[in-house]
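Structure file structure-v6.csv (CSV, C-alpha atoms) follows.
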chain,number,residue,atom,x,y,z
A,9,MET,CA,190.3,-30.8,92.9
A,10,LEU,CA,190.3,-27.0,93.6
A,11,SER,CA,190.4,-24.9,90.5
A,12,ALA,CA,193.7,-23.0,89.8
A,13,GLU,CA,192.1,-19.6,90.2
A,14,SER,CA,190.4,-20.6,93.6
A,15,ALA,CA,193.6,-22.3,94.8
A,16,ALA,CA,195.6,-19.1,94.4
A,17,ILE,CA,193.0,-17.1,96.3
A,18,VAL,CA,192.6,-19.7,99.1
A,19,ARG,CA,196.4,-19.9,99.5
A,20,SER,CA,196.7,-16.1,99.9
A,21,THR,CA,193.7,-15.8,102.2
A,22,LEU,CA,194.2,-18.9,104.3
A,23,PRO,CA,196.3,-17.2,107.0
A,24,VAL,CA,193.6,-14.5,107.5
A,25,ILE,CA,190.7,-17.0,107.4
A,26,GLY,CA,192.6,-19.5,109.6
A,27,ALA,CA,193.4,-16.9,112.2
A,28,SER,CA,189.7,-15.8,112.3
A,29,LEU,CA,188.1,-19.3,112.2
A,30,ASP,CA,187.4,-19.4,115.9
A,31,ASP,CA,185.5,-16.1,115.7
A,32,ILE,CA,183.8,-17.2,112.5
A,33,THR,CA,182.6,-20.5,113.9
A,34,ALA,CA,181.4,-18.9,117.1
A,35,ARG,CA,179.4,-16.4,115.1
A,36,PHE,CA,178.1,-19.2,112.8
A,37,TYR,CA,176.8,-21.4,115.6
A,38,GLY,CA,175.4,-18.5,117.6
A,39,THR,CA,173.4,-17.1,114.6
A,40,MET,CA,172.3,-20.5,113.4
A,41,PHE,CA,170.9,-21.7,116.7
A,42,ALA,CA,169.3,-18.3,117.4
A,43,GLU,CA,167.4,-18.6,114.1
A,44,ARG,CA,167.1,-22.4,113.9
A,45,PRO,CA,166.8,-23.6,117.6
A,46,GLU,CA,165.3,-26.9,116.4
A,47,LEU,CA,168.7,-28.0,115.3
A,48,LEU,CA,169.7,-28.4,118.9
A,49,ASP,CA,166.9,-31.0,119.3
A,50,GLY,CA,168.4,-34.4,118.4
A,51,LEU,CA,171.4,-33.2,116.3
A,52,PHE,CA,173.9,-30.9,117.9
A,53,ASN,CA,175.5,-31.5,121.3
A,54,ARG,CA,174.7,-28.5,123.4
A,55,GLY,CA,177.4,-29.4,125.9
A,56,ASN,CA,180.1,-29.2,123.2
A,57,GLN,CA,178.5,-25.9,122.1
A,58,ALA,CA,178.8,-24.5,125.6
A,59,SER,CA,182.4,-25.6,126.0
A,60,GLY,CA,183.5,-24.4,122.5
A,61,ALA,CA,184.8,-27.8,121.6
A,62,GLN,CA,182.5,-28.2,118.6
A,63,ARG,CA,183.5,-24.9,117.0
A,64,ARG,CA,187.2,-25.6,117.6
A,65,ALA,CA,186.7,-29.0,115.9
A,66,LEU,CA,184.9,-27.4,112.9
A,67,ALA,CA,187.6,-24.7,112.6
A,68,GLY,CA,190.3,-27.4,112.6
A,69,SER,CA,188.5,-29.5,110.0
A,70,ILE,CA,188.0,-26.6,107.6
A,71,ALA,CA,191.6,-25.5,107.9
A,72,ALA,CA,192.9,-29.0,107.5
A,73,PHE,CA,190.8,-29.6,104.4
A,74,ALA,CA,191.8,-26.4,102.7
A,75,THR,CA,195.5,-27.1,103.5
A,76,MET,CA,195.1,-30.6,102.0
A,77,LEU,CA,193.6,-29.2,98.8
A,78,LEU,CA,196.5,-26.8,98.4
A,79,ASP,CA,199.4,-29.2,99.4
A,80,ASN,CA,198.1,-32.4,98.0
A,81,PRO,CA,195.6,-31.5,95.2
A,82,GLY,CA,195.7,-35.0,93.7
A,83,GLU,CA,194.8,-36.9,96.8
A,84,ARG,CA,191.3,-38.0,97.7
A,85,PRO,CA,190.1,-36.5,101.0
A,86,ASP,CA,188.6,-39.8,102.3
A,87,ALA,CA,191.1,-40.4,105.1
A,88,LEU,CA,190.7,-36.8,106.4
A,89,LEU,CA,186.9,-36.8,106.3
A,90,ALA,CA,186.0,-40.4,107.2
A,91,ARG,CA,185.8,-39.7,110.9
A,92,ILE,CA,183.4,-36.8,110.3
A,93,ALA,CA,181.3,-38.8,107.9
A,94,HIS,CA,180.9,-41.6,110.5
A,95,LYS,CA,179.9,-39.2,113.2
A,96,HIS,CA,177.4,-37.5,110.9
A,97,THR,CA,175.8,-40.8,110.0
A,98,SER,CA,175.5,-41.7,113.7
A,99,LEU,CA,173.6,-38.5,114.2
A,100,GLY,CA,171.4,-38.8,111.1
A,101,VAL,CA,172.8,-35.8,109.2
A,102,THR,CA,171.1,-35.4,105.8
A,103,ASP,CA,172.0,-33.6,102.5
A,104,ASP,CA,169.7,-30.6,103.1
A,105,GLN,CA,171.5,-29.7,106.3
A,106,TYR,CA,174.6,-28.9,104.4
A,107,VAL,CA,172.7,-26.1,102.7
A,108,ILE,CA,171.6,-24.7,106.1
A,109,VAL,CA,175.2,-24.8,107.3
A,110,HIS,CA,176.5,-23.1,104.2
A,111,LYS,CA,174.1,-20.2,104.6
A,112,TYR,CA,175.1,-19.5,108.2
A,113,LEU,CA,178.8,-20.2,107.8
A,114,PHE,CA,179.3,-17.9,104.9
A,115,GLY,CA,177.1,-15.3,106.6
A,116,ALA,CA,179.5,-15.5,109.6
A,117,ILE,CA,182.6,-15.2,107.3
A,118,ALA,CA,181.2,-12.0,105.8
A,119,GLU,CA,180.3,-10.5,109.2
A,120,VAL,CA,183.7,-11.3,110.8
A,121,LEU,CA,185.9,-10.3,107.8
A,122,GLY,CA,183.8,-7.6,106.3
A,123,ASP,CA,185.2,-5.9,103.2
A,124,ALA,CA,188.1,-8.5,103.0
A,125,VAL,CA,185.5,-10.9,101.6
A,126,THR,CA,185.4,-9.8,98.0
A,127,PRO,CA,183.2,-11.7,95.5
A,128,ASP,CA,186.3,-13.6,94.3
A,129,VAL,CA,187.3,-14.6,97.8
A,130,ALA,CA,183.7,-15.7,98.6
A,131,ALA,CA,183.6,-17.8,95.4
A,132,ALA,CA,187.0,-19.5,96.2
A,133,TRP,CA,186.0,-20.4,99.7
A,134,ASP,CA,182.5,-21.5,98.5
A,135,GLU,CA,184.3,-23.9,96.2
A,136,VAL,CA,186.3,-25.3,99.2
A,137,TYR,CA,183.1,-25.7,101.2
A,138,TRP,CA,181.2,-27.6,98.5
A,139,LEU,CA,184.2,-29.8,97.7
A,140,MET,CA,184.2,-30.8,101.4
A,141,ALA,CA,180.5,-31.0,101.7
A,142,GLY,CA,180.2,-33.0,98.5
A,143,SER,CA,182.8,-35.5,99.6
A,144,LEU,CA,181.0,-35.9,103.0
A,145,ILE,CA,177.6,-36.3,101.4
A,146,ALA,CA,178.9,-39.0,99.1
A,147,MET,CA,180.7,-40.8,101.9
A,148,GLU,CA,177.6,-40.6,104.2
A,149,ALA,CA,175.4,-41.9,101.4
A,150,ARG,CA,177.6,-45.0,101.1
A,151,LEU,CA,177.5,-45.5,104.9
A,152,TYR,CA,173.8,-45.2,105.0
A,153,ALA,CA,173.4,-47.6,102.1
A,154,GLU,CA,175.7,-50.2,103.7
A,155,ALA,CA,173.7,-50.0,106.9
A,156,GLY,CA,170.4,-50.3,105.0
A,157,ILE,CA,169.2,-46.8,106.0
A,158,ALA,CA,167.1,-45.0,103.5
A,159,ASP,CA,166.4,-41.6,105.1
A,160,GLY,CA,169.3,-41.1,107.6
A,161,ASP,CA,167.2,-42.3,110.5
A,162,SER,CA,168.6,-45.5,112.0
A,163,ARG,CA,167.1,-45.0,115.5
A,164,ARG,CA,165.7,-48.1,117.2
A,165,ARG,CA,164.4,-49.0,120.6
A,166,TRP,CA,166.5,-51.3,122.8
A,167,ARG,CA,165.5,-52.9,126.1
A,168,VAL,CA,168.0,-52.8,129.0
A,169,VAL,CA,168.3,-56.4,130.1
A,170,GLY,CA,171.2,-55.9,132.5
A,171,ARG,CA,172.9,-53.1,134.4
A,172,ARG,CA,176.3,-53.5,136.0
A,173,GLU,CA,178.2,-51.0,138.1
A,174,GLU,CA,181.8,-51.1,136.9
A,175,THR,CA,183.2,-48.4,139.1
A,176,PRO,CA,181.6,-45.5,141.1
A,177,ASP,CA,181.5,-43.5,137.9
A,178,VAL,CA,181.1,-46.1,135.2
A,179,VAL,CA,178.1,-48.3,134.4
A,180,SER,CA,177.5,-50.9,131.7
A,181,PHE,CA,174.1,-51.5,130.0
A,182,LEU,CA,173.3,-54.8,128.4
A,183,LEU,CA,170.8,-54.3,125.6
A,184,ARG,CA,168.5,-56.3,123.4
A,185,PRO,CA,166.3,-55.0,120.5
A,186,ALA,CA,162.9,-54.2,121.9
A,187,ASP,CA,161.2,-55.4,118.7
A,188,GLY,CA,162.8,-58.8,119.0
A,189,GLY,CA,164.5,-58.3,115.6
A,190,PRO,CA,168.0,-59.1,114.6
A,191,VAL,CA,171.0,-57.2,115.9
A,192,PRO,CA,172.6,-55.0,113.2
A,193,PRO,CA,176.2,-55.9,112.3
A,194,ALA,CA,179.0,-54.0,114.0
A,195,ARG,CA,182.8,-54.0,113.8
A,196,PRO,CA,184.9,-54.1,117.0
A,197,GLY,CA,185.7,-50.5,117.9
A,198,GLN,CA,182.6,-48.9,116.5
A,199,TYR,CA,180.1,-46.8,118.5
A,200,VAL,CA,176.3,-46.1,118.6
A,201,SER,CA,174.5,-42.9,119.4
A,202,VAL,CA,172.1,-43.0,122.3
A,203,GLU,CA,169.2,-40.6,122.3
A,204,ALA,CA,167.9,-39.2,125.5
A,205,ARG,CA,165.2,-36.6,126.2
A,206,MET,CA,166.4,-34.1,128.8
A,207,PRO,CA,164.2,-32.6,131.5
A,208,ASP,CA,163.6,-29.5,129.4
A,209,GLY,CA,162.2,-31.7,126.6
A,210,VAL,CA,165.2,-31.3,124.2
A,211,ARG,CA,166.6,-34.6,122.7
A,212,GLN,CA,170.3,-35.0,122.9
A,213,LEU,CA,172.5,-37.7,121.2
A,214,ARG,CA,175.8,-39.0,122.6
A,215,GLN,CA,178.1,-41.6,121.1
A,216,TYR,CA,179.2,-44.6,123.2
A,217,SER,CA,181.6,-47.3,122.0
A,218,LEU,CA,180.2,-50.8,121.9
A,219,SER,CA,182.0,-52.6,124.7
A,220,GLY,CA,180.4,-56.0,123.8
A,221,LEU,CA,179.3,-57.3,120.4
A,222,SER,CA,177.6,-60.6,121.1
A,223,SER,CA,175.4,-60.8,118.0
A,224,GLU,CA,174.8,-64.5,118.4
A,225,ASP,CA,172.7,-64.0,121.5
A,226,GLY,CA,171.1,-60.8,120.2
A,227,LEU,CA,172.8,-58.5,122.7
A,228,ARG,CA,174.9,-55.3,122.7
A,229,ARG,CA,176.7,-53.6,125.6
A,230,ILE,CA,177.6,-50.0,126.1
A,231,THR,CA,179.7,-48.7,129.0
A,232,VAL,CA,179.1,-45.2,130.1
A,233,LYS,CA,181.3,-42.9,132.2
A,234,ARG,CA,179.5,-40.3,134.2
A,235,VAL,CA,181.0,-36.9,133.0
A,236,ARG,CA,181.7,-34.6,135.9
A,237,GLY,CA,182.1,-31.0,135.0
A,238,GLU,CA,185.1,-30.2,137.1
A,239,GLY,CA,184.5,-26.5,136.9
A,240,GLY,CA,182.0,-26.7,134.0
A,241,PRO,CA,178.6,-28.3,133.6
A,242,ASP,CA,178.2,-32.1,134.2
A,243,GLY,CA,177.6,-34.3,131.2
A,244,GLU,CA,173.8,-34.2,130.5
A,245,VAL,CA,173.3,-37.6,129.0
A,246,SER,CA,175.8,-39.6,130.9
A,247,ASN,CA,174.5,-38.4,134.2
A,248,LEU,CA,170.9,-39.0,133.2
A,249,LEU,CA,171.7,-42.6,132.1
A,250,HIS,CA,173.5,-43.2,135.4
A,251,ALA,CA,170.7,-41.8,137.5
A,252,ALA,CA,167.6,-42.9,135.7
A,253,VAL,CA,168.1,-46.0,133.5
A,254,ARG,CA,167.4,-49.4,135.1
A,255,GLU,CA,166.9,-53.0,133.9
A,256,GLY,CA,163.6,-53.2,132.0
A,257,ASP,CA,163.8,-49.6,130.7
A,258,GLU,CA,164.2,-48.8,127.0
A,259,LEU,CA,166.8,-46.7,125.2
A,260,THR,CA,166.9,-45.3,121.6
A,261,LEU,CA,170.1,-46.3,119.8
A,262,THR,CA,171.3,-45.7,116.2
A,263,ALA,CA,173.0,-48.3,114.0
A,264,PRO,CA,176.8,-48.7,114.7
A,265,PHE,CA,179.3,-46.4,113.0
A,266,GLY,CA,182.9,-45.4,113.4
A,267,ASP,CA,185.9,-45.5,111.1
A,268,VAL,CA,188.4,-46.8,113.7
A,269,ALA,CA,187.6,-50.5,113.8
A,270,LEU,CA,189.8,-53.6,114.2
A,271,GLU,CA,190.9,-54.9,110.8
A,272,ASP,CA,191.1,-58.7,110.3
A,273,GLY,CA,194.5,-60.2,109.7
A,274,ASP,CA,197.3,-62.1,111.4
A,275,GLY,CA,199.8,-59.3,112.3
A,276,PRO,CA,200.5,-58.3,115.9
A,277,LEU,CA,198.3,-55.8,117.7
A,278,VAL,CA,198.9,-53.2,120.4
A,279,LEU,CA,195.7,-52.0,122.1
A,280,THR,CA,196.5,-48.8,124.1
A,281,SER,CA,194.0,-47.0,126.2
A,282,ALA,CA,193.5,-44.8,129.3
A,283,GLY,CA,190.4,-44.4,131.4
A,284,ILE,CA,187.1,-45.1,129.7
A,285,GLY,CA,189.1,-45.4,126.4
A,286,CYS,CA,189.3,-49.1,127.3
A,287,THR,CA,185.7,-49.7,125.9
A,288,PRO,CA,186.5,-50.2,122.2
A,289,MET,CA,189.6,-52.2,123.2
A,290,VAL,CA,187.5,-54.7,125.2
A,291,ALA,CA,185.2,-55.1,122.2
A,292,MET,CA,188.3,-55.8,120.0
A,293,LEU,CA,189.6,-58.4,122.5
A,294,GLU,CA,186.2,-60.1,122.6
A,295,HIS,CA,186.2,-60.3,118.8
A,296,LEU,CA,189.6,-61.9,118.8
A,297,VAL,CA,188.6,-64.5,121.4
A,298,ARG,CA,185.3,-65.2,119.6
A,299,THR,CA,187.1,-65.8,116.3
A,300,GLY,CA,189.8,-67.9,117.7
A,301,SER,CA,192.6,-65.5,116.8
A,302,THR,CA,196.2,-66.5,117.4
A,303,ARG,CA,197.6,-63.0,116.8
A,304,ARG,CA,200.2,-61.5,119.1
A,305,VAL,CA,198.4,-59.0,121.2
A,306,LEU,CA,199.8,-56.4,123.7
A,307,VAL,CA,197.3,-54.6,125.8
A,308,LEU,CA,198.4,-51.4,127.5
A,309,HIS,CA,196.1,-49.4,129.8
A,310,ALA,CA,196.6,-46.5,132.2
A,311,ASP,CA,194.2,-45.4,134.9
A,312,ARG,CA,194.0,-43.6,138.2
A,313,SER,CA,193.8,-46.7,140.3
A,314,PRO,CA,192.6,-50.3,140.0
A,315,ALA,CA,189.3,-49.3,141.5
A,316,ASP,CA,188.8,-46.7,138.7
A,317,HIS,CA,189.7,-49.2,136.0
A,318,ALA,CA,186.4,-50.1,134.3
A,319,LEU,CA,186.1,-53.5,132.6
A,320,ARG,CA,189.4,-54.7,134.2
A,321,GLU,CA,188.1,-58.2,134.9
A,322,ASP,CA,186.8,-58.5,131.4
A,323,THR,CA,190.1,-57.4,130.0
A,324,GLU,CA,192.1,-59.9,132.1
A,325,ARG,CA,189.7,-62.7,131.2
A,326,LEU,CA,189.9,-62.0,127.5
A,327,VAL,CA,193.7,-61.6,127.5
A,328,ALA,CA,193.9,-65.0,129.3
A,329,ALA,CA,191.7,-66.6,126.7
A,330,LEU,CA,194.1,-65.6,123.9
A,331,PRO,CA,197.1,-67.8,123.2
A,332,ASP,CA,199.6,-65.0,122.6
A,333,ALA,CA,198.4,-62.0,124.5
A,334,THR,CA,199.8,-60.0,127.4
A,335,ARG,CA,198.7,-57.0,129.3
A,336,LEU,CA,200.4,-54.1,131.2
A,337,PHE,CA,198.5,-51.8,133.5
A,338,TRP,CA,199.7,-48.4,134.9
A,339,TYR,CA,198.1,-46.7,137.8
A,340,GLU,CA,198.7,-43.3,139.2
A,341,ASP,CA,198.1,-44.6,142.6
A,342,GLY,CA,197.3,-47.9,144.2
A,343,ALA,CA,199.4,-50.1,142.0
A,344,ALA,CA,199.9,-53.7,143.3
A,345,GLY,CA,202.1,-56.5,142.3
A,346,GLY,CA,202.5,-57.0,138.6
A,347,GLU,CA,201.2,-53.5,137.9
A,348,ARG,CA,203.2,-50.3,137.2
A,349,SER,CA,203.0,-47.0,139.0
A,350,GLY,CA,202.6,-43.6,137.5
A,351,TRP,CA,201.9,-42.6,133.9
A,352,MET,CA,202.3,-45.0,131.0
A,353,ASP,CA,205.9,-45.4,130.1
A,354,LEU,CA,207.0,-47.8,127.4
A,355,ALA,CA,210.6,-47.9,128.4
A,356,GLY,CA,211.6,-51.5,128.6
A,357,THR,CA,208.4,-52.7,127.0
A,358,GLU,CA,208.9,-55.0,124.0
A,359,VAL,CA,206.5,-53.8,121.3
A,360,PRO,CA,206.0,-56.5,118.6
A,361,GLU,CA,207.7,-55.8,115.3
A,362,GLY,CA,205.3,-54.8,112.5
A,363,ALA,CA,202.4,-54.2,114.9
A,364,THR,CA,199.2,-52.2,114.2
A,365,ALA,CA,198.2,-50.0,117.2
A,366,TYR,CA,194.8,-48.7,118.2
A,367,LEU,CA,194.6,-45.8,120.7
A,368,CYS,CA,191.7,-44.5,122.8
A,369,GLY,CA,191.7,-42.0,125.7
A,370,PRO,CA,192.2,-38.4,126.5
A,371,LEU,CA,194.0,-36.4,123.7
A,372,PRO,CA,197.2,-35.6,125.7
A,373,PHE,CA,197.5,-39.3,126.6
A,374,MET,CA,197.1,-40.4,122.9
A,375,ARG,CA,199.6,-37.9,121.6
A,376,ALA,CA,202.2,-39.1,124.1
A,377,ALA,CA,201.3,-42.8,123.5
A,378,ARG,CA,201.5,-42.3,119.7
A,379,SER,CA,204.9,-40.7,120.0
A,380,ALA,CA,206.1,-43.5,122.3
A,381,LEU,CA,204.8,-46.3,120.0
A,382,ILE,CA,206.4,-44.7,116.9
A,383,GLY,CA,209.6,-44.4,118.9
A,384,ALA,CA,209.3,-48.1,119.7
A,385,GLY,CA,209.1,-49.0,116.0
A,386,VAL,CA,205.4,-48.9,115.1
A,387,ALA,CA,204.9,-47.2,111.7
A,388,ALA,CA,203.0,-43.9,111.9
A,389,ARG,CA,200.6,-45.2,109.3
A,390,ASP,CA,199.7,-48.2,111.5
A,391,VAL,CA,198.7,-46.1,114.5
A,392,HIS,CA,194.9,-45.5,114.6
A,393,TYR,CA,193.1,-43.5,117.2
A,394,GLU,CA,189.5,-43.0,118.4
A,395,VAL,CA,188.4,-39.6,120.0
A,396,PHE,CA,185.5,-39.4,122.3
A,397,GLY,CA,183.7,-36.1,121.4
A,398,PRO,CA,184.7,-33.6,118.8
A,399,ASP,CA,188.0,-34.5,117.1
A,400,LEU,CA,190.3,-31.7,118.3
A,401,TRP,CA,193.3,-33.6,116.9
A,402,LEU,CA,192.0,-33.1,113.4
A,403,GLY,CA,194.3,-30.9,111.5
A,404,SER,CA,197.2,-31.2,114.0
A,405,GLU,CA,200.1,-33.6,113.8
A,406,GLY,CA,198.8,-37.2,113.6
Structure translated into structure tokens:
Amino acid sequence: MLSAESAAIVRSTLPVIGASLDDITARFYGTMFAERPELLDGLFNRGNQASGAQRRALAGSIAAFATMLLDNPGERPDALLARIAHKHTSLGVTDDQYVIVHKYLFGAIAEVLGDAVTPDVAAAWDEVYWLMAGSLIAMEARLYAEAGIADGDSRRRWRVVGRREETPDVVSFLLRPADGGPVPPARPGQYVSVEARMPDGVRQLRQYSLSGLSSEDGLRRITVKRVRGEGGPDGEVSNLLHAAVREGDELTLTAPFGDVALEDGDGPLVLTSAGIGCTPMVAMLEHLVRTGSTRRVLVLHADRSPADHALREDTERLVAALPDATRLFWYEDGAAGGERSGWMDLAGTEVPEGATAYLCGPLPFMRAARSALIGAGVAARDVHYEVFGPDLWLGSEG
């Protein structure tokens, strides 16, 4: 809980700090990487740095955390910070790195705001930072312990035992531990980080949802969409995986993490996705089939066309294997019989009463889908979403 003295200062300065957070985080990252370039090797995503997505996500998380401390001082921050903690553990973030971030972040605040940062203001925001950092450190320690990881490094070599072209821009890799050891447990909906060494020698990590969880036969599957820049740079890792990785090659993966995972139960489910957001939903469907679930399941998916719909056959096969599951597909073009044309529209769709919904896809899609599901009777607390990349929804409605 924030002290009364600091709370008063944070409340009075939050509008100014909040309005300057984008400049602060830009200065923070620029200075830190200039002085500590090694942090870009195997930790920070330089694509997100170039696009500005990472600094916007950091700014949103700081503002959201400070607002929570002021508006709900008695609440634990776990729900707000869980997504960050899971992402950090998938990257191997360790306690000492919070000290490095503190140094450069507070240096940036002083540079951007100048004389407005009095000793009292600096002390109050220092308290905010260490409350946030302390909560994350504790959560990450628990996650590491649960995964049996002592030093933050869960990387392991996996052999590619199968490659399947799903669409012109999506490929699946079937993986087995290269050391022949057991497959670590994973929950349906979680992701792993894949480490790749780029042509310039820098290691980059990217998260990919597990689209298959077959622990019994010692296999995992990830499904990777090639990121095309469309005016910006192409995705480094996704394009490298598409171009260079073949059956027999090895990849470095971390243990599975992710706070948005299917909860066991018997209540109805709505699995809602667009584009490559289908990947965690297919893992959830696979889990339901494997465990003999009789839950009511409604699968909703939107895509450009049937040819662009990755894992479509898997989805249809798994839905058919469940006793009380149905699916609805929307396509912007090329819809055939039994499919719907255009953007996803739930008008006339019967959403099961008391359902829990899981969302994955582009942010504009998820915002619209969330509103539609709530309008159809799904409780806001029962709508869970997974974001690919920095969580730019954090701190906004939802």
Stretch 14-34 of chain A near stretch 130-151 of chain A within 9 Å: what's each residue's closest atom pair and its distance in Å to one decimal, counting all atoms listed in the file, ordered by chain then ascending residue number, as a tab-separated table?
residue	atom	partner	partner_atom	distance
A:Ser14	CA	A:Ala132	CA	4.4
A:Ala15	CA	A:Ala132	CA	7.3
A:Ala16	CA	A:Ala132	CA	8.8
A:Ile17	CA	A:Ala132	CA	6.5
A:Val18	CA	A:Ala132	CA	6.3
Computed gap from atom CA of A:Leu367 to atom CA of A:Gly197 is 10.4 Å
If you take all atoms listed in the file and a cut-off of 10 Å, which residues of stretch 84-160 of chain A touch stretch 198-207 of chain A, and what are their nearest atom pairs and distances in Å to one decimal, in chain and number order, as CSV?
residue,atom,partner,partner_atom,distance
A:His94,CA,A:Tyr199,CA,9.6
A:Lys95,CA,A:Ser201,CA,9.0
A:Thr97,CA,A:Ser201,CA,9.7
A:Ser98,CA,A:Ser201,CA,5.9
A:Leu99,CA,A:Ser201,CA,6.9
A:Gly100,CA,A:Ser201,CA,9.8
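Between atom CA of A:Ala380 and atom CA of A:Ser217 the interatomic distance comes to 24.8 Å.
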Computed gap from atom CA of A:Ser281 to atom CA of A:Pro370 is 8.8 Å
Rank A:Arg320, A:Arg335, A:Arg84, A:Arg164 by their smallest atom-to-atom distance to A:Val307, using all atoms listed in the file, and report the top residue only.
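Looking at the shortest contact to A:Val307, the residue is A:Arg335.
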| said: For a cutoff of 8 Å around the file-coordinate point (185.5, -54.9, 122.0), which residues qualify once you count all atoms listed in the file? I'd like the result as a list in words. | reply: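 Output of the proximity query reads Pro196, Gly197, Leu218, Ser219, Gly220, Leu221, Thr287, Pro288, Met289, Val290, Ala291, Met292, Leu293, Glu294 and His295 of chain A.
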message: If we count only C-alpha atoms and set the cut-off at 10 Å, which residues sit around stretch 30-41 of chain A, ignoring sequence neighbours fewer than 6 positions away in its own chain? Please answer as a list in words.
response: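 Counting only the stated atoms, we get Leu47, Leu48, Phe52, Gln57, Gly60, Gln62, Arg63, Arg64, Ala65, Leu66, Ala67, Gly68, Ile108, Val109, His110, Lys111, Tyr112, Leu113, Phe114, Gly115, Ala116, Ile117, Ala118, Glu119, Val120 and Leu121 of chain A.
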Open item on the list: Set the distance at 10 Å and use only C-alpha atoms: which residues neighbour A:Asp311 once local chain neighbours fewer than 6 positions away are removed? I'd like the list as a count of residues only.
Closed with: 18
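Closest to A:Leu308 among A:Gln215, A:Gly345, A:Leu270, A:Val359 is A:Val359, based on all atoms listed in the file.
Nearest residue to A:Gly170, choosing from A:Glu154, A:Asp267, A:Glu255, A:Asp274 and counting only C-alpha atoms: A:Glu255.
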